[in-house]
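Data block below; observations after.
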Amino acid sequence: QVHLPPIASSVSTFSQVKSDGEHDDDEGIKYVDNLQVVGGILGKTFKANGDFVGTPQAQWFRQQARTGTAVFKPITGATDLEYEPNADDVGACLRLECVGPYGGAATAVETSPLALDPQMHAELQENLRRGHAEFHAHNQMQEPRIILVTRKNIKVRSKLSRIATSSHTLYKQGYDLPVTVVVDQHGPTEMELKLGEQSFSLSMDSQRSRDLAVLCIRMFAGPNCPAHDSDSDDDSGHDGGESSDGASESHKSGASESKSGGPIGFS
């Protein structure tokens, strides 16, 4: 069964979470009150507003499920009243906590799961219907790369130039081996694609293209595909130049194609 992300045509307004007590200081001043967040669609910036005395300290959180329990974890670097969501946030609820300039209890707003606009949602559905998707990118040396994702496997291909019509496969594997896509939190068009022991640092033409590629890869890989250890620092096979391309090419013939095109899902 396929679980596509939610869809929305317009942004929403999310209001302050009610608390049991008042967040006043000793003089009864509310440093943060009537907190609201406007947003809720990938590609639209979350914007917070409210009644502030001084400049509040802000921190955004992303809801993640671990062992059946949903918890909010802080998003690194997301400490402004505005936040630009990315593919990692799709389908997850976000939480903004604001604290007055002199500390105290946090005032919070929680959002609904981040949705896709109708156009991107339709693109995901069409890719799923066709059973394949193709994305154009380039590596750190500005060499063109093609990511070809199907129900059975994922390929990284090389082109001599952007206008060249032919390409050759650098690496290919099925979904019985680990597949992980890491979104660069500081580069809106960049991502790292980890396939088995290989790693490809790639950049797309726009954040929308990057996020769509990430969502498609995760959708085709499905929830049963193994992922890499997030603590691993092994960068062997990193696609930074010709030497890594050669290493990737040596693995091509051994890539697994045994996994059948079974049910795929969004995770």
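Starting from 1 in every chain, residues are counted up; chains themselves are A, B, ... following the order of the structure tokens, and ligands are numbered from 1 as listed.
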Could you pull the residues within 10 Å of Arg95 of chain A, counting only C-alpha atoms, minus those fewer than 3 positions along the same chain, as a PDB file with N, CA and C atoms, in the first residue's frame?
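Wrote selection-v1.pdb, looks like this:
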ATOM      1  N   VAL A  17      -0.479  26.961  21.487  1.00  0.00           N
ATOM      2  CA  VAL A  17      -0.954  25.835  22.290  1.00  0.00           C
ATOM      3  C   VAL A  17      -1.352  26.339  23.669  1.00  0.00           C
ATOM      4  N   VAL A  37       1.513  30.783  13.732  1.00  0.00           N
ATOM      5  CA  VAL A  37       2.385  30.380  12.627  1.00  0.00           C
ATOM      6  C   VAL A  37       1.525  30.218  11.385  1.00  0.00           C
ATOM      7  N   GLN A  59      12.925  28.299  18.444  1.00  0.00           N
ATOM      8  CA  GLN A  59      13.462  26.998  18.039  1.00  0.00           C
ATOM      9  C   GLN A  59      12.344  26.191  17.392  1.00  0.00           C
ATOM     10  N   TRP A  60      12.622  25.678  16.172  1.00  0.00           N
ATOM     11  CA  TRP A  60      11.680  24.816  15.468  1.00  0.00           C
ATOM     12  C   TRP A  60      12.012  23.356  15.742  1.00  0.00           C
ATOM     13  N   PHE A  61      10.957  22.533  15.808  1.00  0.00           N
ATOM     14  CA  PHE A  61      11.093  21.099  16.057  1.00  0.00           C
ATOM     15  C   PHE A  61      10.333  20.333  14.973  1.00  0.00           C
ATOM     16  N   ARG A  62      10.803  19.122  14.694  1.00  0.00           N
ATOM     17  CA  ARG A  62      10.129  18.224  13.751  1.00  0.00           C
ATOM     18  C   ARG A  62       9.664  16.982  14.496  1.00  0.00           C
ATOM     19  N   GLN A  63       8.428  16.584  14.245  1.00  0.00           N
ATOM     20  CA  GLN A  63       7.893  15.403  14.915  1.00  0.00           C
ATOM     21  C   GLN A  63       8.413  14.143  14.235  1.00  0.00           C
ATOM     22  N   PHE A  72       9.024  15.327  19.373  1.00  0.00           N
ATOM     23  CA  PHE A  72       9.533  16.468  18.623  1.00  0.00           C
ATOM     24  C   PHE A  72      11.030  16.599  18.884  1.00  0.00           C
ATOM     25  N   LYS A  73      11.802  16.671  17.800  1.00  0.00           N
ATOM     26  CA  LYS A  73      13.245  16.843  17.917  1.00  0.00           C
ATOM     27  C   LYS A  73      13.647  18.173  17.294  1.00  0.00           C
ATOM     28  N   PRO A  74      14.566  18.908  17.926  1.00  0.00           N
ATOM     29  CA  PRO A  74      14.959  20.218  17.394  1.00  0.00           C
ATOM     30  C   PRO A  74      15.609  20.101  16.020  1.00  0.00           C
ATOM     31  N   ILE A  75      15.305  21.063  15.157  1.00  0.00           N
ATOM     32  CA  ILE A  75      15.897  21.130  13.822  1.00  0.00           C
ATOM     33  C   ILE A  75      17.136  22.015  13.913  1.00  0.00           C
ATOM     34  N   ALA A  92       5.214  15.458   8.290  1.00  0.00           N
ATOM     35  CA  ALA A  92       5.500  15.586   9.725  1.00  0.00           C
ATOM     36  C   ALA A  92       4.891  16.875  10.269  1.00  0.00           C
ATOM     37  N   ALA A 108       4.339  27.794  22.702  1.00  0.00           N
ATOM     38  CA  ALA A 108       4.490  26.902  21.550  1.00  0.00           C
ATOM     39  C   ALA A 108       3.301  26.959  20.605  1.00  0.00           C
ATOM     40  N   VAL A 109       3.593  26.622  19.341  1.00  0.00           N
ATOM     41  CA  VAL A 109       2.586  26.413  18.304  1.00  0.00           C
ATOM     42  C   VAL A 109       2.936  25.109  17.600  1.00  0.00           C
ATOM     43  N   GLU A 110       1.928  24.271  17.357  1.00  0.00           N
ATOM     44  CA  GLU A 110       2.134  23.036  16.612  1.00  0.00           C
ATOM     45  C   GLU A 110       1.325  23.076  15.323  1.00  0.00           C
ATOM     46  N   THR A 111       1.918  22.579  14.249  1.00  0.00           N
ATOM     47  CA  THR A 111       1.266  22.595  12.944  1.00  0.00           C
ATOM     48  C   THR A 111       0.661  21.229  12.627  1.00  0.00           C
ATOM     49  N   SER A 112      -0.125  21.183  11.585  1.00  0.00           N
ATOM     50  CA  SER A 112      -0.580  19.909  11.033  1.00  0.00           C
ATOM     51  C   SER A 112       0.536  19.338  10.158  1.00  0.00           C
TER      52      SER A 112
END
Name the residues of segment 31-239 of chain A that come out as strand (DSSP E) in a backbone DSSP run; write them as a PyMOL selection string. chain A and resi 32-39+46-52+57-66+69-74+82-83+94-99+107-110+132-138+144-150+153-159+167-174+179-183+190-195+198-203
What is the atom CA of Lys44 of chain A to atom CA of Met219 of chain A distance in Å? 21.9 Å
Distance of atom CA of Val53 of chain A from atom CA of Asn34 of chain A, expressed in Å to one decimal place: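 Separation of atom CA of Asn34 of chain A and atom CA of Val53 of chain A: 11.9 Å.
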Which residue out of A:Leu148, A:Ile7, A:Val179, A:Leu114 has the minimum interatomic distance to Thr45 of chain A when only C-alpha atoms are used?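 Distance minimum relative to Thr45 of chain A lands on A:Leu114.
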Kindly indicate which residue among A:Gln64, A:Glu192, A:Val11, A:Ala221 lies nearest to His132 of chain A, using only C-alpha atoms for the distances.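 Once distances to His132 of chain A are computed over only C-alpha atoms, the minimum belongs to A:Ala221.
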Which residues, written as a PyMOL selection string, have at least one atom at most 6 Å from Val38 of chain A, with only C-alpha atoms counted and residues fewer than 5 positions away on the same chain left out? chain A and resi 12-13+46-47
Expected file contents, prior selection, N, CA, C and O atoms, as an mmCIF file, in the first residue's frame:
data_model
loop_
_atom_site.group_PDB
_atom_site.id
_atom_site.type_symbol
_atom_site.label_atom_id
_atom_site.label_comp_id
_atom_site.auth_asym_id
_atom_site.auth_seq_id
_atom_site.Cartn_x
_atom_site.Cartn_y
_atom_site.Cartn_z
ATOM 1 N N SER A 12 -2.211 27.532 6.041
ATOM 2 C CA SER A 12 -3.084 27.567 7.211
ATOM 3 C C SER A 12 -2.464 28.442 8.291
ATOM 4 O O SER A 12 -1.273 28.747 8.261
ATOM 5 N N THR A 13 -3.302 28.829 9.248
ATOM 6 C CA THR A 13 -2.837 29.577 10.416
ATOM 7 C C THR A 13 -2.972 28.693 11.646
ATOM 8 O O THR A 13 -4.053 28.163 11.925
ATOM 9 N N PHE A 46 7.312 29.033 6.503
ATOM 10 C CA PHE A 46 6.575 29.208 7.751
ATOM 11 C C PHE A 46 6.941 30.571 8.336
ATOM 12 O O PHE A 46 8.123 30.904 8.461
ATOM 13 N N LYS A 47 5.930 31.346 8.727
ATOM 14 C CA LYS A 47 6.169 32.663 9.309
ATOM 15 C C LYS A 47 5.398 32.777 10.617
ATOM 16 O O LYS A 47 4.194 32.534 10.660
#
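We find atom CA of Glu97 of chain A and atom CA of Gln207 of chain A to be spaced 25.9 Å apart.
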Once you count only C-alpha atoms, what closest atom pair and distance in Å to one decimal does each residue of segment 54-101 of chain A within 12 Å of segment 116-127 of chain A have, with rows by chain and rising residue number, as a Markdown table?
| residue | atom | partner | partner_atom | distance |
| --- | --- | --- | --- | --- |
| A:Pro85 | CA | A:Leu116 | CA | 11.0 |
| A:Asn86 | CA | A:Leu116 | CA | 10.6 |
| A:Ala87 | CA | A:Leu116 | CA | 9.8 |
| A:Asp89 | CA | A:Leu116 | CA | 10.6 |
| A:Val90 | CA | A:Leu116 | CA | 7.5 |
| A:Gly91 | CA | A:Leu116 | CA | 8.8 |
| A:Ala92 | CA | A:Leu116 | CA | 11.6 |
Tell me which protein, DNA and RNA residues are within 7 Å of Pro101 of chain A, counting only C-alpha atoms, leaving out same-chain ones fewer than 3 positions away, and put them as a PDB file with N, CA, C and O atoms, in the first residue's frame.
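Result went into around04.pdb, see below:
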ATOM      1  N   GLY A  54      10.359  42.656  23.560  1.00  0.00           N
ATOM      2  CA  GLY A  54      11.731  42.301  23.242  1.00  0.00           C
ATOM      3  C   GLY A  54      11.766  41.283  22.112  1.00  0.00           C
ATOM      4  O   GLY A  54      10.748  40.979  21.480  1.00  0.00           O
ATOM      5  N   THR A  55      12.934  40.742  21.853  1.00  0.00           N
ATOM      6  CA  THR A  55      13.114  39.754  20.780  1.00  0.00           C
ATOM      7  C   THR A  55      13.127  38.354  21.377  1.00  0.00           C
ATOM      8  O   THR A  55      14.000  38.033  22.186  1.00  0.00           O
ATOM      9  N   PRO A  56      12.170  37.502  20.999  1.00  0.00           N
ATOM     10  CA  PRO A  56      12.117  36.164  21.595  1.00  0.00           C
ATOM     11  C   PRO A  56      13.186  35.238  21.023  1.00  0.00           C
ATOM     12  O   PRO A  56      13.682  35.444  19.911  1.00  0.00           O
ATOM     13  N   GLN A  57      13.526  34.219  21.790  1.00  0.00           N
ATOM     14  CA  GLN A  57      14.377  33.138  21.307  1.00  0.00           C
ATOM     15  C   GLN A  57      13.472  32.072  20.705  1.00  0.00           C
ATOM     16  O   GLN A  57      12.497  31.653  21.327  1.00  0.00           O
TER      17      GLN A  57
END
Might you pull out every residue within 6 Å of segment 194-205 of chain A, with only C-alpha atoms counted and same-chain residues fewer than 2 positions away left off, and present them as a compact mmCIF listing (two decimals) with C-alpha atoms, in the first residue's frame?
# COMPACT_ATOMS: atom_id res chain seq x y z
CA ALA A 137 21.82 17.00 -11.15
CA HIS A 138 25.54 17.69 -10.99
CA ASN A 139 28.28 16.73 -8.56
CA LEU A 177 20.76 -2.73 0.05
CA PRO A 178 20.74 0.49 2.12
CA VAL A 179 19.40 3.63 0.44
CA THR A 180 19.56 6.96 2.28
CA THR A 189 19.45 22.59 -3.75
CA GLU A 190 21.91 20.05 -2.36
CA MET A 191 21.59 16.48 -1.12
CA GLU A 192 23.69 13.40 -0.45
CA ARG A 210 15.76 18.61 -4.99
CA GLY A 237 33.17 5.93 -2.84
CA HIS A 238 32.27 9.62 -2.48
CA ASP A 239 31.41 11.09 -5.89
Residues within 6 Å of segment 150-161 of chain A, please, as a PyMOL selection string. Count only C-alpha atoms; anything in the same chain fewer than 4 positions from it doesn't count. chain A and resi 131-132+144-146+167-174+220+260-261
